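Undergrad: Structure file data-v4.json (JSON, C-alpha atoms) is given on the next line.
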```
[["chain", "number", "residue", "atom", "x", "y", "z"],
["M", 224, "MET", "CA", 173.11, -61.86, 26.89],
["M", 225, "LEU", "CA", 173.16, -59.68, 23.77],
["M", 226, "VAL", "CA", 172.19, -62.62, 21.57],
["M", 227, "ASN", "CA", 169.47, -63.70, 24.00],
["M", 228, "TRP", "CA", 167.71, -60.36, 24.29],
["M", 229, "THR", "CA", 167.77, -59.37, 20.62],
["M", 230, "HIS", "CA", 166.03, -62.69, 19.85],
["M", 231, "THR", "CA", 163.98, -63.33, 23.00],
["M", 232, "GLY", "CA", 162.39, -59.88, 23.37],
["M", 233, "PRO", "CA", 160.97, -59.59, 19.83],
["M", 234, "THR", "CA", 160.02, -63.32, 19.93],
["M", 235, "VAL", "CA", 157.86, -62.89, 23.06],
["M", 236, "VAL", "CA", 156.28, -59.68, 21.71],
["M", 237, "ALA", "CA", 155.59, -61.18, 18.26],
["M", 238, "ALA", "CA", 154.11, -64.40, 19.72],
["M", 239, "PHE", "CA", 151.99, -62.42, 22.21],
["M", 240, "LEU", "CA", 150.57, -59.94, 19.69],
["M", 241, "ALA", "CA", 150.00, -62.50, 16.91],
["M", 242, "SER", "CA", 148.31, -64.93, 19.32],
["M", 243, "LEU", "CA", 146.23, -62.12, 20.82],
["M", 244, "VAL", "CA", 144.75, -61.37, 17.39],
["M", 245, "GLU", "CA", 143.96, -65.05, 16.77],
["M", 246, "PHE", "CA", 142.44, -65.63, 20.22],
["M", 247, "VAL", "CA", 140.26, -62.51, 19.89],
["M", 248, "GLU", "CA", 138.92, -63.84, 16.58],
["M", 249, "ALA", "CA", 138.22, -67.26, 18.11],
["M", 250, "LEU", "CA", 136.58, -65.71, 21.17],
["M", 251, "THR", "CA", 134.10, -63.79, 18.98],
["M", 252, "VAL", "CA", 132.72, -66.99, 17.44],
["M", 253, "VAL", "CA", 132.86, -69.06, 20.65],
["M", 254, "LEU", "CA", 130.93, -66.28, 22.44],
["M", 255, "ALA", "CA", 128.31, -66.28, 19.68],
["M", 256, "VAL", "CA", 127.99, -70.09, 19.98],
["M", 257, "GLY", "CA", 127.75, -69.92, 23.78],
["M", 258, "VAL", "CA", 125.16, -67.14, 23.86],
["M", 259, "VAL", "CA", 122.96, -68.49, 21.03],
["M", 260, "ARG", "CA", 123.32, -72.28, 21.35],
["M", 261, "GLY", "CA", 124.46, -72.76, 24.96],
["M", 262, "TRP", "CA", 127.82, -72.98, 26.71],
["M", 263, "ARG", "CA", 128.06, -76.78, 26.94],
["M", 264, "GLY", "CA", 128.57, -77.31, 23.21],
["M", 265, "ALA", "CA", 130.72, -74.17, 22.86],
["M", 266, "LEU", "CA", 133.13, -75.15, 25.64],
["M", 267, "MET", "CA", 133.25, -78.83, 24.64],
["M", 268, "GLY", "CA", 134.00, -77.90, 21.00],
["M", 269, "SER", "CA", 136.76, -75.50, 22.02],
["M", 270, "GLY", "CA", 138.12, -78.00, 24.56],
["M", 271, "ALA", "CA", 138.25, -80.84, 22.00],
["M", 272, "ALA", "CA", 140.04, -78.60, 19.48],
["M", 273, "THR", "CA", 142.53, -77.54, 22.16],
["M", 274, "LEU", "CA", 143.33, -81.22, 22.85],
["M", 275, "VAL", "CA", 143.91, -81.86, 19.12],
["M", 276, "LEU", "CA", 146.18, -78.79, 18.96],
["M", 277, "LEU", "CA", 148.17, -79.98, 21.99],
["M", 278, "ALA", "CA", 148.61, -83.34, 20.28],
["M", 279, "ILE", "CA", 149.91, -81.58, 17.14],
["M", 280, "ILE", "CA", 152.42, -79.65, 19.27],
["M", 281, "ALA", "CA", 153.48, -82.84, 21.08],
["M", 282, "ILE", "CA", 154.15, -84.57, 17.72],
["M", 283, "LEU", "CA", 155.61, -81.65, 15.73],
["M", 284, "GLY", "CA", 157.77, -80.10, 18.47],
["M", 285, "PRO", "CA", 160.12, -83.09, 19.09],
["M", 286, "ALA", "CA", 160.10, -83.97, 15.34],
["M", 287, "LEU", "CA", 161.40, -80.50, 14.47],
["M", 288, "MET", "CA", 164.24, -80.87, 16.98],
["M", 289, "ARG", "CA", 165.62, -83.82, 14.96],
["M", 290, "ILE", "CA", 165.92, -81.78, 11.73],
["M", 291, "PRO", "CA", 169.15, -79.75, 11.24],
["M", 292, "LEU", "CA", 168.70, -76.11, 12.36],
["M", 293, "GLY", "CA", 169.67, -74.65, 8.96],
["M", 294, "MET", "CA", 167.00, -76.69, 7.18],
["M", 295, "VAL", "CA", 164.36, -75.79, 9.79],
["M", 296, "GLN", "CA", 165.27, -72.09, 9.50],
["M", 297, "LEU", "CA", 164.94, -72.18, 5.71],
["M", 298, "VAL", "CA", 161.63, -74.09, 5.56],
["M", 299, "VAL", "CA", 159.98, -72.48, 8.59],
["M", 300, "GLY", "CA", 161.43, -69.08, 7.64],
["M", 301, "THR", "CA", 159.92, -69.35, 4.15],
["M", 302, "LEU", "CA", 156.51, -70.25, 5.62],
["M", 303, "LEU", "CA", 156.83, -67.44, 8.18],
["M", 304, "LEU", "CA", 157.74, -65.04, 5.38],
["M", 305, "LEU", "CA", 154.69, -66.05, 3.31],
["M", 306, "PHE", "CA", 152.50, -65.80, 6.42],
["M", 307, "GLY", "CA", 153.96, -62.51, 7.70],
["M", 308, "LEU", "CA", 154.11, -60.69, 4.36],
["M", 309, "ARG", "CA", 150.53, -61.79, 3.64],
["M", 310, "TRP", "CA", 149.45, -60.20, 6.94],
["M", 311, "LEU", "CA", 151.48, -57.05, 6.28],
["M", 312, "ARG", "CA", 150.13, -56.67, 2.72],
["M", 313, "LYS", "CA", 146.56, -57.03, 3.98],
["M", 314, "ALA", "CA", 147.21, -54.63, 6.90],
["M", 315, "ILE", "CA", 148.63, -52.00, 4.51],
["M", 316, "LEU", "CA", 145.60, -52.36, 2.20],
["M", 317, "ARG", "CA", 143.25, -52.10, 5.20],
["M", 318, "ALA", "CA", 145.04, -49.06, 6.63],
["M", 319, "ALA", "CA", 144.90, -47.41, 3.18],
["M", 320, "GLY", "CA", 141.15, -48.05, 2.91],
["M", 321, "VAL", "CA", 141.50, -50.36, -0.10],
["M", 322, "ILE", "CA", 139.87, -53.32, 1.67],
["M", 323, "ALA", "CA", 137.40, -53.30, 4.56],
["M", 324, "LEU", "CA", 138.60, -53.23, 8.17],
["M", 325, "HIS", "CA", 138.14, -56.35, 10.33],
["M", 326, "ASP", "CA", 135.08, -55.77, 12.56],
["M", 327, "GLU", "CA", 134.59, -58.22, 15.46],
["M", 328, "ALA", "CA", 131.13, -56.87, 16.37],
["M", 329, "ALA", "CA", 129.88, -57.37, 12.80],
["M", 330, "ILE", "CA", 131.36, -60.89, 12.67],
["M", 331, "TYR", "CA", 129.70, -61.71, 16.02],
["M", 332, "ASN", "CA", 126.27, -60.53, 14.81],
["M", 333, "LYS", "CA", 126.58, -62.42, 11.51],
["M", 334, "GLN", "CA", 127.66, -65.61, 13.30],
["M", 335, "ALA", "CA", 124.90, -65.30, 15.92],
["M", 336, "GLN", "CA", 122.25, -64.84, 13.19],
["M", 337, "ALA", "CA", 123.53, -67.89, 11.29],
["M", 338, "LEU", "CA", 123.46, -70.00, 14.47],
["M", 339, "ARG", "CA", 119.88, -68.90, 15.27],
["M", 340, "ARG", "CA", 118.74, -69.89, 11.76],
["M", 341, "GLU", "CA", 119.92, -73.47, 12.37],
["M", 342, "GLY", "CA", 117.11, -74.08, 14.87],
["M", 343, "ALA", "CA", 117.24, -75.83, 18.23],
["M", 344, "SER", "CA", 118.87, -79.25, 18.67],
["M", 345, "ALA", "CA", 117.36, -81.87, 20.91],
["M", 346, "GLY", "CA", 119.98, -83.11, 23.40],
["M", 347, "TRP", "CA", 123.53, -83.07, 22.04],
["M", 348, "ASP", "CA", 124.07, -79.83, 20.04],
["M", 349, "LYS", "CA", 126.27, -80.88, 17.13],
["M", 350, "ILE", "CA", 126.12, -77.44, 15.52],
["M", 351, "ALA", "CA", 127.42, -75.69, 18.64],
["M", 352, "PHE", "CA", 130.18, -78.27, 19.06],
["M", 353, "ALA", "CA", 131.23, -78.21, 15.38],
["M", 354, "THR", "CA", 131.24, -74.40, 15.13],
["M", 355, "ALA", "CA", 133.30, -73.95, 18.30],
["M", 356, "PHE", "CA", 135.62, -76.83, 17.32],
["M", 357, "LYS", "CA", 136.25, -75.46, 13.84],
["M", 358, "ILE", "CA", 137.02, -71.86, 14.86],
["M", 359, "THR", "CA", 139.26, -72.98, 17.75],
["M", 360, "MET", "CA", 141.11, -75.36, 15.39],
["M", 361, "LEU", "CA", 141.55, -72.75, 12.66],
["M", 362, "GLU", "CA", 142.74, -69.91, 14.91],
["M", 363, "GLY", "CA", 144.64, -72.37, 17.14],
["M", 364, "ILE", "CA", 146.55, -73.82, 14.18],
["M", 365, "GLU", "CA", 147.69, -70.29, 13.34],
["M", 366, "VAL", "CA", 148.89, -69.83, 16.94],
["M", 367, "VAL", "CA", 150.65, -73.23, 16.89],
["M", 368, "PHE", "CA", 152.34, -72.32, 13.61],
["M", 369, "ILE", "CA", 153.41, -68.89, 14.93],
["M", 370, "VAL", "CA", 154.83, -70.39, 18.14],
["M", 371, "ILE", "CA", 156.66, -73.21, 16.32],
["M", 372, "ALA", "CA", 157.91, -70.86, 13.57],
["M", 373, "LEU", "CA", 159.19, -68.25, 16.02],
["M", 374, "GLY", "CA", 160.56, -70.93, 18.34],
["M", 375, "ALA", "CA", 162.23, -73.01, 15.65],
["M", 376, "GLY", "CA", 164.51, -70.20, 14.52],
["M", 377, "GLY", "CA", 167.03, -70.68, 17.31],
["M", 378, "ILE", "CA", 167.94, -72.74, 20.34],
["M", 379, "GLY", "CA", 165.84, -71.91, 23.41],
["M", 380, "LEU", "CA", 163.31, -69.72, 21.58],
["M", 381, "LEU", "CA", 160.37, -72.15, 21.84],
["M", 382, "LEU", "CA", 159.87, -71.31, 25.51],
["M", 383, "PRO", "CA", 159.63, -67.49, 25.10],
["M", 384, "ALA", "CA", 157.37, -67.96, 22.04],
["M", 385, "SER", "CA", 155.09, -70.31, 24.03],
["M", 386, "PHE", "CA", 155.11, -67.87, 26.96],
["M", 387, "GLY", "CA", 153.96, -65.05, 24.65],
["M", 388, "ALA", "CA", 151.10, -67.18, 23.27],
["M", 389, "LEU", "CA", 149.99, -68.39, 26.72],
["M", 390, "ALA", "CA", 150.02, -64.81, 28.05],
["M", 391, "ALA", "CA", 147.80, -63.76, 25.12],
["M", 392, "LEU", "CA", 145.42, -66.66, 25.85],
["M", 393, "ALA", "CA", 145.22, -65.65, 29.52],
["M", 394, "VAL", "CA", 144.49, -62.01, 28.59],
["M", 395, "VAL", "CA", 141.75, -62.92, 26.07],
["M", 396, "VAL", "CA", 140.09, -65.49, 28.38],
["M", 397, "ALA", "CA", 140.14, -63.00, 31.26],
["M", 398, "LEU", "CA", 138.73, -60.19, 29.11],
["M", 399, "GLY", "CA", 136.12, -62.56, 27.65],
["M", 400, "LEU", "CA", 134.96, -63.56, 31.14],
["M", 401, "ILE", "CA", 134.81, -59.93, 32.30],
["M", 402, "VAL", "CA", 133.37, -58.24, 29.20],
["M", 403, "HIS", "CA", 131.24, -61.15, 27.89],
["M", 404, "ARG", "CA", 131.12, -59.47, 24.46],
["M", 405, "PRO", "CA", 133.34, -59.52, 21.36],
["M", 406, "LEU", "CA", 136.54, -57.61, 22.05],
["M", 407, "SER", "CA", 135.86, -55.05, 19.35],
["M", 408, "ARG", "CA", 137.72, -52.30, 21.22],
["M", 409, "ILE", "CA", 141.04, -54.07, 20.77],
["M", 410, "PRO", "CA", 142.74, -52.26, 17.86],
["M", 411, "GLU", "CA", 142.95, -55.47, 15.84],
["M", 412, "ASN", "CA", 143.88, -53.85, 12.53],
["M", 413, "THR", "CA", 146.77, -51.94, 14.11],
["M", 414, "LEU", "CA", 147.89, -55.13, 15.88],
["M", 415, "LYS", "CA", 147.84, -57.00, 12.57],
["M", 416, "PHE", "CA", 149.98, -54.27, 11.02],
["M", 417, "VAL", "CA", 152.57, -54.57, 13.81],
["M", 418, "VAL", "CA", 152.44, -58.39, 13.79],
["M", 419, "GLY", "CA", 152.86, -58.43, 10.00],
["M", 420, "VAL", "CA", 156.01, -56.32, 10.39],
["M", 421, "LEU", "CA", 157.42, -58.55, 13.17],
["M", 422, "LEU", "CA", 156.69, -61.88, 11.45],
["M", 423, "SER", "CA", 158.04, -60.63, 8.11],
["M", 424, "ALA", "CA", 161.24, -59.48, 9.84],
["M", 425, "PHE", "CA", 161.70, -62.85, 11.61],
["M", 426, "GLY", "CA", 160.89, -64.76, 8.40],
["M", 427, "THR", "CA", 163.45, -62.73, 6.44],
["M", 428, "PHE", "CA", 166.09, -63.30, 9.12],
["M", 429, "TRP", "CA", 165.50, -67.07, 9.35],
["M", 430, "VAL", "CA", 165.49, -67.46, 5.55],
["M", 431, "GLY", "CA", 168.77, -65.53, 5.36],
["M", 432, "GLU", "CA", 170.26, -67.75, 8.05],
["M", 433, "GLY", "CA", 168.93, -70.86, 6.28],
["M", 434, "LEU", "CA", 170.52, -69.71, 3.00],
["M", 435, "GLY", "CA", 173.82, -69.22, 4.85],
["M", 436, "LEU", "CA", 173.83, -65.42, 4.35],
["M", 437, "THR", "CA", 175.70, -63.05, 6.65],
["M", 438, "TRP", "CA", 173.61, -60.41, 8.38],
["M", 439, "PRO", "CA", 175.28, -57.03, 9.06],
["M", 440, "GLY", "CA", 175.29, -56.61, 12.85],
["M", 441, "GLN", "CA", 174.33, -60.30, 13.19],
["M", 442, "ASP", "CA", 171.34, -60.68, 15.56],
["M", 443, "TRP", "CA", 170.89, -56.91, 15.82],
["M", 444, "SER", "CA", 169.80, -56.96, 12.19],
["M", 445, "ILE", "CA", 166.40, -58.34, 13.33],
["M", 446, "LEU", "CA", 165.73, -54.88, 14.80],
["M", 447, "GLY", "CA", 166.94, -53.33, 11.54],
["M", 448, "LEU", "CA", 164.58, -55.57, 9.54],
["M", 449, "ILE", "CA", 161.67, -54.61, 11.82],
["M", 450, "ALA", "CA", 162.52, -50.90, 11.34],
["M", 451, "GLY", "CA", 162.88, -51.38, 7.57],
["M", 452, "TYR", "CA", 159.53, -53.12, 7.10],
["M", 453, "LEU", "CA", 157.79, -50.63, 9.41],
["M", 454, "LEU", "CA", 159.28, -47.63, 7.57],
["M", 455, "VAL", "CA", 158.35, -48.90, 4.10],
["M", 456, "ALA", "CA", 154.85, -49.96, 5.22],
["M", 457, "THR", "CA", 154.13, -46.57, 6.81],
["M", 458, "ILE", "CA", 155.32, -44.80, 3.64],
["M", 459, "VAL", "CA", 153.25, -47.06, 1.37],
["M", 460, "VAL", "CA", 149.95, -46.58, 3.30],
["M", 461, "PRO", "CA", 149.44, -42.85, 2.49],
["M", 462, "THR", "CA", 150.68, -43.42, -1.07],
["M", 463, "CYS", "CA", 148.05, -46.14, -1.58],
["M", 464, "ARG", "CA", 145.38, -44.02, 0.11],
["M", 465, "GLY", "CA", 146.06, -41.20, -2.34],
["M", 466, "ARG", "CA", 146.02, -43.53, -5.35],
["M", 467, "ALA", "CA", 142.88, -45.32, -4.11],
["M", 468, "ILE", "CA", 141.04, -41.97, -3.89],
["M", 469, "THR", "CA", 142.21, -40.62, -7.25],
["M", 470, "ALA", "CA", 141.91, -43.91, -9.16],
["M", 471, "PRO", "CA", 138.88, -44.01, -11.51],
["M", 472, "SER", "CA", 136.28, -46.57, -10.44],
["M", 473, "ALA", "CA", 135.87, -49.70, -12.52],
["M", 474, "PRO", "CA", 132.95, -49.65, -14.98],
["D", 294, "MET", "CA", 135.38, -85.15, 5.28],
["D", 295, "SER", "CA", 134.22, -81.75, 4.03],
["D", 296, "TRP", "CA", 135.23, -80.17, 7.36],
["D", 297, "LEU", "CA", 138.75, -81.61, 6.95],
["D", 298, "LYS", "CA", 138.95, -80.22, 3.41],
["D", 299, "GLY", "CA", 137.76, -76.90, 4.77],
["D", 300, "ILE", "CA", 140.48, -76.87, 7.43],
["D", 301, "LEU", "CA", 143.16, -77.83, 4.87],
["D", 302, "ARG", "CA", 141.94, -75.05, 2.55],
["D", 303, "GLU", "CA", 142.13, -72.60, 5.46],
["D", 304, "ILE", "CA", 145.67, -73.75, 6.30],
["D", 305, "PHE", "CA", 146.73, -73.20, 2.67],
["D", 306, "GLY", "CA", 145.08, -69.78, 2.87],
["D", 307, "LEU", "CA", 147.30, -68.87, 5.83],
["D", 308, "PHE", "CA", 150.27, -68.68, 3.48],
["D", 309, "VAL", "CA", 148.71, -67.95, 0.11],
["D", 310, "ASP", "CA", 146.20, -65.14, -0.25],
["D", 311, "ASP", "CA", 147.28, -63.58, -3.54],
["D", 312, "GLY", "CA", 148.81, -66.37, -5.67],
["D", 313, "SER", "CA", 151.12, -64.13, -7.68],
["D", 314, "PHE", "CA", 152.42, -62.46, -4.48],
["D", 315, "ALA", "CA", 153.28, -65.84, -2.92],
["D", 316, "MET", "CA", 154.84, -67.07, -6.17],
["D", 317, "ALA", "CA", 156.97, -63.91, -6.45],
["D", 318, "ILE", "CA", 158.31, -64.43, -2.90],
["D", 319, "LEU", "CA", 159.14, -68.09, -3.57],
["D", 320, "ALA", "CA", 160.69, -67.29, -6.97],
["D", 321, "TRP", "CA", 162.89, -64.59, -5.37],
["D", 322, "LEU", "CA", 164.11, -67.02, -2.68],
["D", 323, "VAL", "CA", 164.85, -69.78, -5.23],
["D", 324, "LEU", "CA", 166.64, -67.28, -7.52],
["D", 325, "LEU", "CA", 168.85, -66.09, -4.65],
["D", 326, "TRP", "CA", 169.52, -69.66, -3.50],
["D", 327, "LEU", "CA", 170.66, -70.64, -7.02],
["D", 328, "ALA", "CA", 172.41, -67.44, -8.13],
["D", 329, "LEU", "CA", 174.05, -65.88, -5.07],
["D", 330, "PRO", "CA", 176.84, -68.47, -4.64],
["D", 331, "HIS", "CA", 177.98, -67.74, -8.22],
["D", 332, "LEU", "CA", 177.82, -63.94, -8.11],
["D", 333, "PRO", "CA", 180.79, -61.71, -7.05],
["D", 334, "ILE", "CA", 178.85, -59.95, -4.29],
["D", 335, "ALA", "CA", 180.33, -59.24, -0.84],
["D", 336, "PRO", "CA", 178.75, -61.53, 1.82],
["D", 337, "GLN", "CA", 177.28, -58.67, 3.88],
["D", 338, "TRP", "CA", 175.44, -57.32, 0.80],
["D", 339, "ARG", "CA", 173.74, -60.64, 0.00],
["D", 340, "SER", "CA", 171.33, -60.38, 2.95],
["D", 341, "VAL", "CA", 170.62, -56.75, 2.02],
["D", 342, "ILE", "CA", 169.70, -57.90, -1.51],
["D", 343, "LEU", "CA", 167.35, -60.54, -0.03],
["D", 344, "PHE", "CA", 165.60, -57.89, 2.09],
["D", 345, "ALA", "CA", 165.43, -55.28, -0.69],
["D", 346, "GLY", "CA", 163.88, -57.79, -3.08],
["D", 347, "LEU", "CA", 161.21, -58.78, -0.55],
["D", 348, "LEU", "CA", 160.37, -55.11, 0.10],
["D", 349, "ALA", "CA", 160.08, -54.50, -3.65],
["D", 350, "ILE", "CA", 157.76, -57.53, -4.06],
["D", 351, "LEU", "CA", 155.58, -56.28, -1.17],
["D", 352, "VAL", "CA", 155.31, -52.72, -2.50],
["D", 353, "GLU", "CA", 154.64, -53.87, -6.08],
["D", 354, "SER", "CA", 151.91, -56.26, -4.92],
["D", 355, "VAL", "CA", 150.21, -53.61, -2.78],
["D", 356, "LEU", "CA", 150.30, -51.01, -5.57],
["D", 357, "ARG", "CA", 149.01, -53.58, -8.08],
["D", 358, "ARG", "CA", 146.07, -54.35, -5.75],
["D", 359, "VAL", "CA", 145.29, -50.62, -5.49],
["D", 360, "ARG", "CA", 145.28, -50.31, -9.30],
["D", 361, "GLN", "CA", 142.90, -53.30, -9.57],
["D", 362, "ARG", "CA", 140.39, -51.64, -7.25]]
```
Once more with this new file: its structure as structure tokens, please.
TA:
Amino acid sequence: MLVNWTHTGPTVVAAFLASLVEFVEALTVVLAVGVVRGWRGALMGSGAATLVLLAIIAILGPALMRIPLGMVQLVVGTLLLLFGLRWLRKAILRAAGVIALHDEAAIYNKQAQALRREGASAGWDKIAFATAFKITMLEGIEVVFIVIALGAGGIGLLLPASFGALAALAVVVALGLIVHRPLSRIPENTLKFVVGVLLSAFGTFWVGEGLGLTWPGQDWSILGLIAGYLLVATIVVPTCRGRAITAPSAP
Amino acid sequence: MSWLKGILREIFGLFVDDGSFAMAILAWLVLLWLALPHLPIAPQWRSVILFAGLLAILVESVLRRVRQR
């Protein structure tokens, strides 16, 4: 049970939070498409992309099961590490005020304006379909990667990772139907900070396992890695903020 | 095909944002993979070295980005 919960708990939380961020970003654009161009094209584009994503899962999932676990952990762990540390780096820079915060309302307005400029389509709205398809594919591929990466690290982890992602989808769809606006009140930047920490910790653990390293405390070290990344990231943010303020501006 | 190229570019962008940051991570992993089996380091410290190196790469990259601002 010890092994199960130290892996399963953080896996569900990481998959849920990471997927939540991606689905919120997709919802913003799909809402803009639906409101400006009509819901038929928006829903058909998202639906078609979802089918493509399901096909990718159906092909990749069983294929991954045939590769030795150590190899999967090393390759997927490396990708998860690149993905997670990229998120964490960006989240630190955002929290420190070095780069702009992600603003769903601003993205919605920009997307809506761009869609209005395209003009009306007679009959089949290719622009609505293509825009909804592309954003659902892009954000969906990230979700598929997160689920497969978190699920591939150990036996029986694909189910909790999928559960986390599906729960996030249900929450975002429900909120989208109720609010009918971009979910700009969701603290997306804080979520990205937490997700960056979680994915980096999992990536580090899987890479270590793939390299055949011994982790002190075995599976418990995942919690130690999470605490380590979180501690360093929270120390670095104020340091960067101070340096960003005092640094002379470029000529 | 431009949409497919766009999607592939976006997928690459999922893993590589700052090229030197991604290269540093990969170089660290390859270095450990090649060197660790030949170094007289206790097994429990090897994973700690992996983690410490990744933290150092993260902090260096963030501070470098702040300096570039």
Undergrad: Which neighbours of stretch 311-323 of chain D fall inside 8 Å, counting only C-alpha atoms, when residues of the same chain fewer than 2 positions from it are skipped, and could you give them as a ChimeraX atom specification?
TA: /M:301,305 /D:308-309,325-327,343,346-347,350-351,354
Undergrad: Could you list, as a list in words, every residue within 10 Å of D:Glu303, counting all atoms listed in the file and ignoring same-chain residues fewer than 5 positions away?
TA: Leu361, Glu362, Ile364 and Glu365 of chain M; Leu297, Lys298, Phe308 and Val309 of chain D
Undergrad: May I have the residues of chain M within 7 Å of chain D, counting all atoms listed in the file, written as an MDAnalysis selection string?
TA: chainID M and resid 302 305:306 309 312 316 321 361 427 431 434 436:439 463 467
Undergrad: Hey, can you spit out that residue selection with C-alpha atoms as a short mmCIF file (atom, residue, chain, number, x, y, z; two decimals), keeping the file's coordinate frame?
TA:
```cif
data_model
loop_
_atom_site.label_atom_id
_atom_site.label_comp_id
_atom_site.auth_asym_id
_atom_site.auth_seq_id
_atom_site.Cartn_x
_atom_site.Cartn_y
_atom_site.Cartn_z
CA LEU M 302 156.51 -70.25 5.62
CA LEU M 305 154.69 -66.05 3.31
CA PHE M 306 152.50 -65.80 6.42
CA ARG M 309 150.53 -61.79 3.64
CA ARG M 312 150.13 -56.67 2.72
CA LEU M 316 145.60 -52.36 2.20
CA VAL M 321 141.50 -50.36 -0.10
CA LEU M 361 141.55 -72.75 12.66
CA THR M 427 163.45 -62.73 6.44
CA GLY M 431 168.77 -65.53 5.36
CA LEU M 434 170.52 -69.71 3.00
CA LEU M 436 173.83 -65.42 4.35
CA THR M 437 175.70 -63.05 6.65
CA TRP M 438 173.61 -60.41 8.38
CA PRO M 439 175.28 -57.03 9.06
CA CYS M 463 148.05 -46.14 -1.58
CA ALA M 467 142.88 -45.32 -4.11
#
```
Undergrad: Please measure the separation of atom CA of M:Leu381 and atom CA of M:Leu311, giving the value in Å to one decimal.
TA: 23.4 Å
Undergrad: Suppose you want the space between atom CA of M:Gly293 and atom CA of M:Phe428; what is it in Å?
TA: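 Calculated distance between atom CA of M:Gly293 and atom CA of M:Phe428 is 11.9 Å.
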Undergrad: One number please: atom CA of M:Gly363 to atom CA of M:Ile282, in Å, one decimal.
TA: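 Taking atom CA of M:Gly363 and atom CA of M:Ile282, their separation equals 15.5 Å.
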Undergrad: So which one's closest to M:Glu341, M:Thr354, M:Gly268, M:Ile369, M:Ser423? Using all atoms listed in the file, please.
TA: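 Once distances to M:Glu341 are computed over all atoms listed in the file, the minimum belongs to M:Thr354.
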Undergrad: Using only C-alpha atoms, pick whichever of M:Thr234, M:Thr251, M:Thr273, M:Ser242 has the shortest atom-to-atom distance to M:Val394.
TA: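 Among M:Thr234, M:Thr251, M:Thr273, M:Ser242, it is M:Ser242 that comes nearest to M:Val394.
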Undergrad: Write out as a ChimeraX atom specification which residues come within 10 Å of M:Val252 when counting only C-alpha atoms, dropping same-chain ones fewer than 2 positions away.
TA: /M:247-250,254-258,265,327,330-335,354-355,357-359,405
